[in-house]
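Participant: So I've got this file, structure08.tsv, and it contains TSV, C-alpha atoms and all ligand atoms:
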```
chain	number	residue	atom	x	y	z
A	87	MET	CA	4.86	-15.47	0.83
A	88	LEU	CA	5.92	-12.30	2.65
A	89	ARG	CA	7.43	-13.22	5.98
A	90	LEU	CA	8.18	-10.78	8.79
A	91	GLU	CA	10.45	-12.76	11.06
A	92	ASP	CA	10.92	-11.54	14.65
A	93	LEU	CA	10.91	-7.95	13.44
A	94	LEU	CA	11.56	-5.18	15.93
A	95	LEU	CA	11.01	-1.66	14.63
A	96	ALA	CA	11.95	1.44	16.60
A	97	ARG	CA	11.14	5.09	16.08
A	98	GLY	CA	12.33	7.24	18.96
A	99	ASP	CA	10.77	5.65	22.07
A	100	PHE	CA	8.20	3.79	19.99
A	101	LEU	CA	8.65	0.03	19.50
A	102	LEU	CA	6.71	-2.37	17.28
A	103	GLY	CA	7.22	-6.11	17.07
A	104	ALA	CA	6.00	-8.23	14.14
A	105	SER	CA	6.19	-11.95	13.39
A	106	VAL	CA	3.68	-12.77	10.68
A	107	SER	CA	3.46	-14.51	7.32
A	108	ILE	CA	1.31	-13.15	4.50
A	109	PRO	CA	0.50	-15.54	1.66
A	110	ARG	CA	1.30	-14.49	-1.89
A	111	GLY	CA	-1.77	-12.92	-3.52
A	112	ALA	CA	-3.41	-12.02	-0.20
A	113	ARG	CA	-5.34	-8.77	0.15
A	114	VAL	CA	-4.76	-7.51	3.67
A	115	ALA	CA	-6.38	-4.49	5.32
A	116	ILE	CA	-4.29	-3.13	8.20
A	117	LEU	CA	-6.38	-1.57	10.96
A	118	GLY	CA	-5.42	-0.03	14.27
A	119	PRO	CA	-5.43	3.16	16.30
A	120	SER	CA	-3.62	6.28	15.18
A	121	GLY	CA	0.02	6.16	16.25
A	122	ALA	CA	-0.03	2.35	16.66
A	123	GLY	CA	2.68	1.82	14.05
A	124	LYS	CA	0.83	1.05	10.78
A	125	SER	CA	2.96	3.41	8.70
A	126	THR	CA	6.06	2.23	10.56
A	127	LEU	CA	5.29	-1.34	9.49
A	128	LEU	CA	4.79	-0.36	5.84
A	129	ASP	CA	7.93	1.79	5.86
A	130	ALA	CA	9.94	-1.21	7.04
A	131	ILE	CA	8.49	-3.47	4.33
A	132	GLY	CA	9.19	-0.76	1.74
A	133	GLY	CA	12.78	-0.42	2.92
A	134	PHE	CA	12.50	3.11	4.31
A	135	LEU	CA	13.10	2.02	7.91
A	136	ALA	CA	15.76	-0.54	8.88
A	137	PRO	CA	14.62	-3.01	11.57
A	138	ASP	CA	16.51	-3.13	14.86
A	139	HIS	CA	16.09	-6.89	14.82
A	140	GLY	CA	14.68	-9.63	12.58
A	141	ARG	CA	14.33	-10.26	8.88
A	142	ILE	CA	11.95	-9.61	6.00
A	143	LEU	CA	11.66	-12.42	3.47
A	144	TRP	CA	9.85	-12.54	0.13
A	145	GLU	CA	9.41	-16.01	-1.40
A	146	GLY	CA	12.21	-17.19	0.90
A	147	ARG	CA	14.67	-14.46	-0.12
A	148	ASP	CA	16.02	-12.19	2.62
A	149	ILE	CA	15.28	-8.61	1.48
A	150	THR	CA	15.97	-6.92	4.84
A	151	ALA	CA	18.98	-5.01	3.50
A	152	VAL	CA	17.75	-4.46	-0.08
A	153	PRO	CA	17.32	-0.74	-0.89
A	154	PRO	CA	13.74	0.44	-1.68
A	155	ALA	CA	14.34	0.80	-5.43
A	156	ASP	CA	15.43	-2.83	-5.70
A	157	ARG	CA	12.74	-4.37	-3.50
A	158	PRO	CA	9.80	-6.33	-4.89
A	159	VAL	CA	7.63	-3.60	-3.36
A	160	ALA	CA	5.65	-0.62	-4.70
A	161	MET	CA	4.02	1.92	-2.40
A	162	ILE	CA	1.28	4.56	-2.75
A	163	PHE	CA	0.85	7.25	-0.10
A	164	GLN	CA	-2.14	9.49	0.53
A	165	ASP	CA	-0.69	12.32	-1.60
A	166	ASN	CA	-0.06	9.87	-4.49
A	167	ASN	CA	3.45	11.34	-5.08
A	168	LEU	CA	2.51	12.86	-8.44
A	169	PHE	CA	4.77	15.53	-9.92
A	170	PRO	CA	2.54	18.56	-10.57
A	171	HIS	CA	4.59	19.91	-13.49
A	172	LEU	CA	4.56	16.61	-15.42
A	173	THR	CA	1.70	15.32	-17.55
A	174	VAL	CA	-0.21	12.22	-16.50
A	175	ALA	CA	1.66	10.20	-19.15
A	176	ARG	CA	5.04	11.37	-17.87
A	177	ASN	CA	4.09	10.68	-14.26
A	178	VAL	CA	3.05	7.15	-15.21
A	179	GLY	CA	6.14	6.73	-17.40
A	180	LEU	CA	8.32	7.13	-14.31
A	181	GLY	CA	7.13	3.68	-13.25
A	182	LEU	CA	8.78	2.31	-16.36
A	183	ARG	CA	11.78	4.66	-16.80
A	184	PRO	CA	12.93	6.51	-13.68
A	185	ASN	CA	14.88	8.90	-15.97
A	186	GLY	CA	11.63	9.85	-17.71
A	187	ARG	CA	12.80	9.09	-21.27
A	188	LEU	CA	10.10	7.18	-23.10
A	189	ASP	CA	10.42	5.64	-26.56
A	190	ALA	CA	7.41	4.77	-28.72
A	191	ALA	CA	7.02	1.31	-27.19
A	192	ASP	CA	7.19	2.76	-23.65
A	193	ARG	CA	4.59	5.32	-24.59
A	194	ALA	CA	2.26	2.62	-25.85
A	195	ARG	CA	2.64	0.78	-22.54
A	196	VAL	CA	1.88	3.98	-20.63
A	197	LEU	CA	-1.32	4.49	-22.63
A	198	GLY	CA	-2.24	0.85	-22.00
A	199	ALA	CA	-1.67	1.29	-18.25
A	200	LEU	CA	-3.89	4.39	-18.28
A	201	ALA	CA	-6.63	2.50	-20.12
A	202	ASP	CA	-6.39	-0.30	-17.50
A	203	VAL	CA	-7.32	2.13	-14.74
A	204	GLY	CA	-10.05	3.93	-16.70
A	205	LEU	CA	-8.03	7.01	-17.70
A	206	ASP	CA	-8.32	6.85	-21.48
A	207	GLY	CA	-7.80	10.30	-22.99
A	208	MET	CA	-6.22	11.81	-19.86
A	209	ALA	CA	-2.56	11.32	-20.84
A	210	GLU	CA	-1.73	14.96	-21.56
A	211	ARG	CA	-3.44	16.48	-18.51
A	212	ARG	CA	-1.60	17.69	-15.42
A	213	PRO	CA	-2.46	16.16	-12.03
A	214	ALA	CA	-4.12	19.42	-10.90
A	215	ASP	CA	-6.67	19.02	-13.72
A	216	LEU	CA	-7.84	15.65	-12.38
A	217	SER	CA	-10.20	14.71	-9.55
A	218	GLY	CA	-8.81	13.05	-6.42
A	219	GLY	CA	-10.02	9.66	-7.62
A	220	GLN	CA	-8.39	10.16	-11.01
A	221	GLN	CA	-5.11	11.12	-9.32
A	222	SER	CA	-5.27	7.85	-7.36
A	223	ARG	CA	-5.75	6.02	-10.65
A	224	VAL	CA	-2.63	7.67	-12.08
A	225	ALA	CA	-0.64	6.45	-9.07
A	226	LEU	CA	-2.07	2.95	-9.59
A	227	ALA	CA	-1.16	2.98	-13.30
A	228	ARG	CA	2.40	3.93	-12.35
A	229	VAL	CA	2.82	1.09	-9.86
A	230	GLY	CA	1.35	-1.26	-12.48
A	231	LEU	CA	4.26	-0.44	-14.78
A	232	GLN	CA	6.77	-0.80	-11.93
A	233	ASP	CA	5.71	-4.43	-11.97
A	234	ARG	CA	6.49	-5.25	-8.32
A	235	PRO	CA	4.67	-8.17	-6.69
A	236	ILE	CA	3.91	-6.43	-3.36
A	237	LEU	CA	1.72	-3.32	-3.25
A	238	LEU	CA	1.53	-1.15	-0.12
A	239	LEU	CA	-1.17	1.51	0.25
A	240	ASP	CA	-0.83	3.83	3.26
A	241	GLU	CA	-4.26	5.46	3.66
A	242	ALA	CA	-4.03	6.16	-0.08
A	243	PHE	CA	-7.77	6.71	-0.46
A	244	ALA	CA	-8.48	8.39	2.89
A	245	ALA	CA	-9.14	11.78	1.30
A	246	LEU	CA	-11.70	10.46	-1.21
A	247	GLY	CA	-15.46	10.64	-0.71
A	248	PRO	CA	-17.25	7.38	0.12
A	249	ALA	CA	-18.47	6.58	-3.43
A	250	MET	CA	-15.07	7.25	-5.01
A	251	LYS	CA	-13.35	5.24	-2.29
A	252	ARG	CA	-15.63	2.26	-2.95
A	253	GLU	CA	-14.79	2.52	-6.65
A	254	MET	CA	-11.06	2.65	-5.95
A	255	ILE	CA	-11.19	-0.38	-3.64
A	256	ALA	CA	-13.06	-2.33	-6.33
A	257	LEU	CA	-10.48	-1.23	-8.91
A	258	VAL	CA	-7.54	-2.14	-6.67
A	259	THR	CA	-9.09	-5.55	-6.01
A	260	ARG	CA	-9.35	-6.28	-9.76
A	261	PHE	CA	-5.91	-4.77	-10.37
A	262	CYS	CA	-4.22	-6.96	-7.73
A	263	ASP	CA	-6.08	-10.13	-8.71
A	264	ALA	CA	-5.20	-9.69	-12.41
A	265	ARG	CA	-1.49	-9.34	-11.55
A	266	ASP	CA	-1.31	-11.76	-8.59
A	267	LEU	CA	-0.15	-8.90	-6.35
A	268	THR	CA	0.09	-9.17	-2.59
A	269	LEU	CA	-1.69	-6.13	-1.18
A	270	LEU	CA	-1.27	-4.49	2.22
A	271	MET	CA	-3.66	-1.57	2.65
A	272	VAL	CA	-3.60	0.63	5.75
A	273	THR	CA	-6.98	2.20	6.44
A	274	HIS	CA	-8.76	3.67	9.43
A	275	ASP	CA	-12.13	2.62	8.05
A	276	PRO	CA	-13.31	-0.94	8.83
A	277	GLU	CA	-15.76	-0.61	5.92
A	278	ASP	CA	-12.73	-0.56	3.58
A	279	ALA	CA	-11.59	-3.87	5.06
A	280	ARG	CA	-15.05	-5.34	4.55
A	281	ARG	CA	-15.11	-4.23	0.91
A	282	LEU	CA	-11.59	-5.46	0.22
A	283	ASP	CA	-12.92	-8.80	1.49
A	284	GLY	CA	-9.55	-10.39	2.13
A	285	ASP	CA	-7.78	-10.54	5.48
A	286	ILE	CA	-7.26	-8.13	8.35
A	287	MET	CA	-4.14	-7.54	10.42
A	288	VAL	CA	-4.50	-5.41	13.54
A	289	VAL	CA	-1.62	-3.16	14.62
A	290	ALA	CA	-2.09	-2.28	18.29
A	291	ASP	CA	-0.33	-2.44	21.66
A	292	GLY	CA	3.13	-2.74	20.10
A	293	GLY	CA	2.30	-5.77	17.99
A	294	VAL	CA	0.82	-7.02	14.72
A	295	SER	CA	-1.81	-9.77	14.58
A	296	ALA	CA	-1.64	-12.58	12.03
A	297	PRO	CA	-3.83	-12.09	8.96
A	298	ALA	CA	-7.35	-13.42	9.56
A	299	PRO	CA	-10.41	-13.39	7.27
A	300	ALA	CA	-11.91	-9.89	7.25
A	301	ARG	CA	-15.61	-10.69	7.50
A	302	ALA	CA	-15.23	-13.16	10.35
A	303	THR	CA	-12.83	-10.81	12.16
A	304	LEU	CA	-15.20	-7.84	11.93
A	305	ALA	CA	-18.17	-9.99	12.96
A	306	ASP	CA	-16.35	-11.20	16.08
A	307	PRO	CA	-13.43	-8.83	16.66
A	308	PRO	CA	-10.52	-9.65	18.99
A	309	ALA	CA	-10.13	-7.33	22.01
A	310	SER	CA	-7.52	-5.09	20.33
A	311	LEU	CA	-9.81	-4.47	17.36
A	312	ALA	CA	-13.02	-4.22	19.40
A	313	ALA	CA	-11.50	-1.39	21.44
A	314	TYR	CA	-10.53	0.44	18.27
A	315	LEU	CA	-13.90	-0.08	16.56
A	316	ALA	CA	-15.72	1.14	19.67
A	317	GLY	CA	-13.51	4.25	19.95
B	1	LIG	N1	10.24	10.11	12.64
B	1	LIG	C1	9.79	9.72	13.84
B	1	LIG	N2	10.53	9.93	14.97
B	1	LIG	C2	10.10	9.55	16.18
B	1	LIG	N3	8.92	8.93	16.38
B	1	LIG	C3	8.13	8.73	15.31
B	1	LIG	C4	8.51	9.09	13.99
B	1	LIG	N4	7.53	8.76	13.14
B	1	LIG	C5	6.58	8.19	13.89
B	1	LIG	N5	6.92	8.16	15.19
B	1	LIG	C6	6.15	7.59	16.30
B	1	LIG	O1	5.96	6.21	16.00
B	1	LIG	C7	4.67	5.80	16.39
B	1	LIG	C8	3.99	5.11	15.25
B	1	LIG	O2	3.73	6.02	14.21
B	1	LIG	P1	3.05	5.58	12.85
B	1	LIG	O3	3.69	4.34	12.36
B	1	LIG	O4	3.07	6.76	11.96
B	1	LIG	O5	1.55	5.24	13.33
B	1	LIG	P2	0.21	5.04	12.47
B	1	LIG	O6	0.59	5.01	11.02
B	1	LIG	O7	-0.37	3.75	12.97
B	1	LIG	O8	-0.68	6.17	12.82
B	1	LIG	C9	3.93	7.04	16.88
B	1	LIG	O9	3.90	6.99	18.28
B	1	LIG	C10	4.77	8.19	16.40
B	1	LIG	O10	4.72	9.23	17.32
B	2	MG	MG	0.09	6.21	9.42
```
So that I can check it, write out the structure of this file as structure tokens.
Facilitator:
Amino acid sequence: MLRLEDLLLARGDFLLGASVSIPRGARVAILGPSGAGKSTLLDAIGGFLAPDHGRILWEGRDITAVPPADRPVAMIFQDNNLFPHLTVARNVGLGLRPNGRLDAADRARVLGALADVGLDGMAERRPADLSGGQQSRVALARVGLQDRPILLLDEAFAALGPAMKREMIALVTRFCDARDLTLLMVTHDPEDARRLDGDIMVVADGGVSAPAPARATLADPPASLAAYLAG
């Protein structure tokens, strides 16, 4: 379980409080208005923003002060953080070896990770020679090799067209289920939450709601979500 215990996050004048528990293996869509603190919340879980108060626990272990590289957390941003001058294989290899040196066994694992996300035969291309959806798959293959139990996606698929986005959400669902990952996915599209078909947390009005089943939540949204969906 991922537990956010009496968290208080500050950025300039902005304050966000969070006290929620997310079961291991959950798939959570995070919805809420622009500027409500969704990225702030993910940054804190990833270790890029230190809380002013409270603790972050994973399976009972306090990880509040653990640096990002040592956390049980992998993160994908909208730009996918791919290095344009490196091949797909080398970009993915960074998930395994941050220094980029791959031996034959590493290389085999990289090719396996690419096959897992439907990128057979793409290993020697550069990111610029891939579609947006394929670039997202490269980022997913890399986090697969990082082998961290929590996956954070901050509007990672927002730039994709609707059909490609549906495909990516289906792929991420299979990917997380196969590895027992706990997924937190920020999106501004309630349809993404419906397709992910897990839970929803709403970030609004300085707070974070407890995870609740997505379909039921969208069918009968709480006031904070109803206002956002209507806007
Ligand atoms: N580096 C920063 N310095 C000061 N304020 C910031 C910084 N980054 C974000 N904020 C403020 O924090 C609030 C939450 O931002 P953010 O978490 O990015 O929202 P969201 O991802 O929900 O759109 C916003 O009001 C934003 O203006
Ligand atoms: Mg954001």
Participant: Would you mind listing, for every residue of chain A within 12 Å of ligand LIG 1 (chain B), the two atoms forming the shortest contact and the distance between them in Å to one decimal, using all atoms listed in the file, sorted by chain and ascending residue number, as a Markdown table?
Facilitator:
```
| residue | atom | partner | partner_atom | distance |
| --- | --- | --- | --- | --- |
| A:Leu95 | CA | B:LIG1 | O1 | 9.5 |
| A:Ala96 | CA | B:LIG1 | O1 | 7.7 |
| A:Arg97 | CA | B:LIG1 | N3 | 4.4 |
| A:Gly98 | CA | B:LIG1 | C2 | 4.2 |
| A:Asp99 | CA | B:LIG1 | N3 | 6.8 |
| A:Phe100 | CA | B:LIG1 | O1 | 5.2 |
| A:Leu101 | CA | B:LIG1 | O1 | 7.6 |
| A:Leu102 | CA | B:LIG1 | C8 | 8.2 |
| A:Gly103 | CA | B:LIG1 | C8 | 11.8 |
| A:Ile116 | CA | B:LIG1 | O7 | 9.2 |
| A:Leu117 | CA | B:LIG1 | O7 | 8.3 |
| A:Gly118 | CA | B:LIG1 | O7 | 6.4 |
| A:Pro119 | CA | B:LIG1 | O7 | 6.1 |
| A:Ser120 | CA | B:LIG1 | O8 | 3.8 |
| A:Gly121 | CA | B:LIG1 | O5 | 3.4 |
| A:Ala122 | CA | B:LIG1 | O7 | 4.0 |
| A:Gly123 | CA | B:LIG1 | O3 | 3.2 |
| A:Lys124 | CA | B:LIG1 | O7 | 3.7 |
| A:Ser125 | CA | B:LIG1 | O6 | 3.7 |
| A:Thr126 | CA | B:LIG1 | O3 | 3.6 |
| A:Leu127 | CA | B:LIG1 | O3 | 6.6 |
| A:Leu128 | CA | B:LIG1 | O3 | 8.1 |
| A:Asp129 | CA | B:LIG1 | O3 | 8.2 |
| A:Ala130 | CA | B:LIG1 | O3 | 9.9 |
| A:Phe134 | CA | B:LIG1 | N1 | 11.1 |
| A:Leu135 | CA | B:LIG1 | N1 | 9.8 |
| A:Phe163 | CA | B:LIG1 | O6 | 11.3 |
| A:Gln164 | CA | B:LIG1 | O6 | 11.7 |
| A:Leu239 | CA | B:LIG1 | O6 | 11.5 |
| A:Asp240 | CA | B:LIG1 | O6 | 8.0 |
| A:Glu241 | CA | B:LIG1 | O6 | 8.8 |
| A:Met271 | CA | B:LIG1 | O6 | 11.5 |
| A:Val272 | CA | B:LIG1 | O6 | 8.0 |
| A:Thr273 | CA | B:LIG1 | O6 | 9.3 |
| A:His274 | CA | B:LIG1 | O7 | 9.1 |
| A:Val288 | CA | B:LIG1 | O7 | 10.1 |
| A:Val289 | CA | B:LIG1 | O7 | 7.2 |
| A:Ala290 | CA | B:LIG1 | O7 | 8.2 |
| A:Asp291 | CA | B:LIG1 | O7 | 10.7 |
| A:Gly292 | CA | B:LIG1 | C8 | 9.3 |
| A:Gly293 | CA | B:LIG1 | O7 | 11.1 |
| A:Val294 | CA | B:LIG1 | O7 | 11.0 |
| A:Tyr314 | CA | B:LIG1 | O7 | 11.9 |
```
Participant: List the spatial neighbours of A:Gly204 as JSON, numbers by chain - criterion: any atom at most 10 Å away, all atoms listed in the file, same-chain residues fewer than 2 positions off excluded.
Facilitator: {"A": [198, 199, 200, 201, 202, 206, 207, 208, 220, 223, 224, 227, 257]}
Participant: Which of these, A:Gly230, A:Pro137, A:Pro248, A:Pro307, has the shortest distance to A:Arg281 once you count all atoms listed in the file?
Facilitator: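 Counting all atoms listed in the file, the residue closest to A:Arg281 is A:Pro248.
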Participant: Go through A:Val174, A:Ile236, A:Ala244, A:Leu93 one by one, measure the shortest atom-to-atom distance of each to ligand MG 2 (chain B) using only C-alpha atoms and all ligand atoms, and give the residue with the smallest value.
Facilitator: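 Comparing A:Val174, A:Ile236, A:Ala244, A:Leu93 against ligand MG 2 (chain B), the winner is A:Ala244.
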Participant: Identify, on the basis of only C-alpha atoms, every residue whose closest approach to A:Leu315 does not exceed 12 Å; exclude the query and any residue fewer than 2 positions from it along the same chain; express the result as number ranges by chain.
Facilitator: A: 117-119, 274-277, 288, 303-313, 317
Participant: What does the file look like for those residues with C-alpha atoms, as a compact mmCIF listing (two decimals), in the coordinates of the input?
Facilitator:
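Result went into out_31.txt, see below:
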```
# COMPACT_ATOMS: atom_id res chain seq x y z
CA LEU A 117 -6.38 -1.57 10.96
CA GLY A 118 -5.42 -0.03 14.27
CA PRO A 119 -5.43 3.16 16.30
CA HIS A 274 -8.76 3.67 9.43
CA ASP A 275 -12.13 2.62 8.05
CA PRO A 276 -13.31 -0.94 8.83
CA GLU A 277 -15.76 -0.61 5.92
CA VAL A 288 -4.50 -5.41 13.54
CA THR A 303 -12.83 -10.81 12.16
CA LEU A 304 -15.20 -7.84 11.93
CA ALA A 305 -18.17 -9.99 12.96
CA ASP A 306 -16.35 -11.20 16.08
CA PRO A 307 -13.43 -8.83 16.66
CA PRO A 308 -10.52 -9.65 18.99
CA ALA A 309 -10.13 -7.33 22.01
CA SER A 310 -7.52 -5.09 20.33
CA LEU A 311 -9.81 -4.47 17.36
CA ALA A 312 -13.02 -4.22 19.40
CA ALA A 313 -11.50 -1.39 21.44
CA GLY A 317 -13.51 4.25 19.95
```
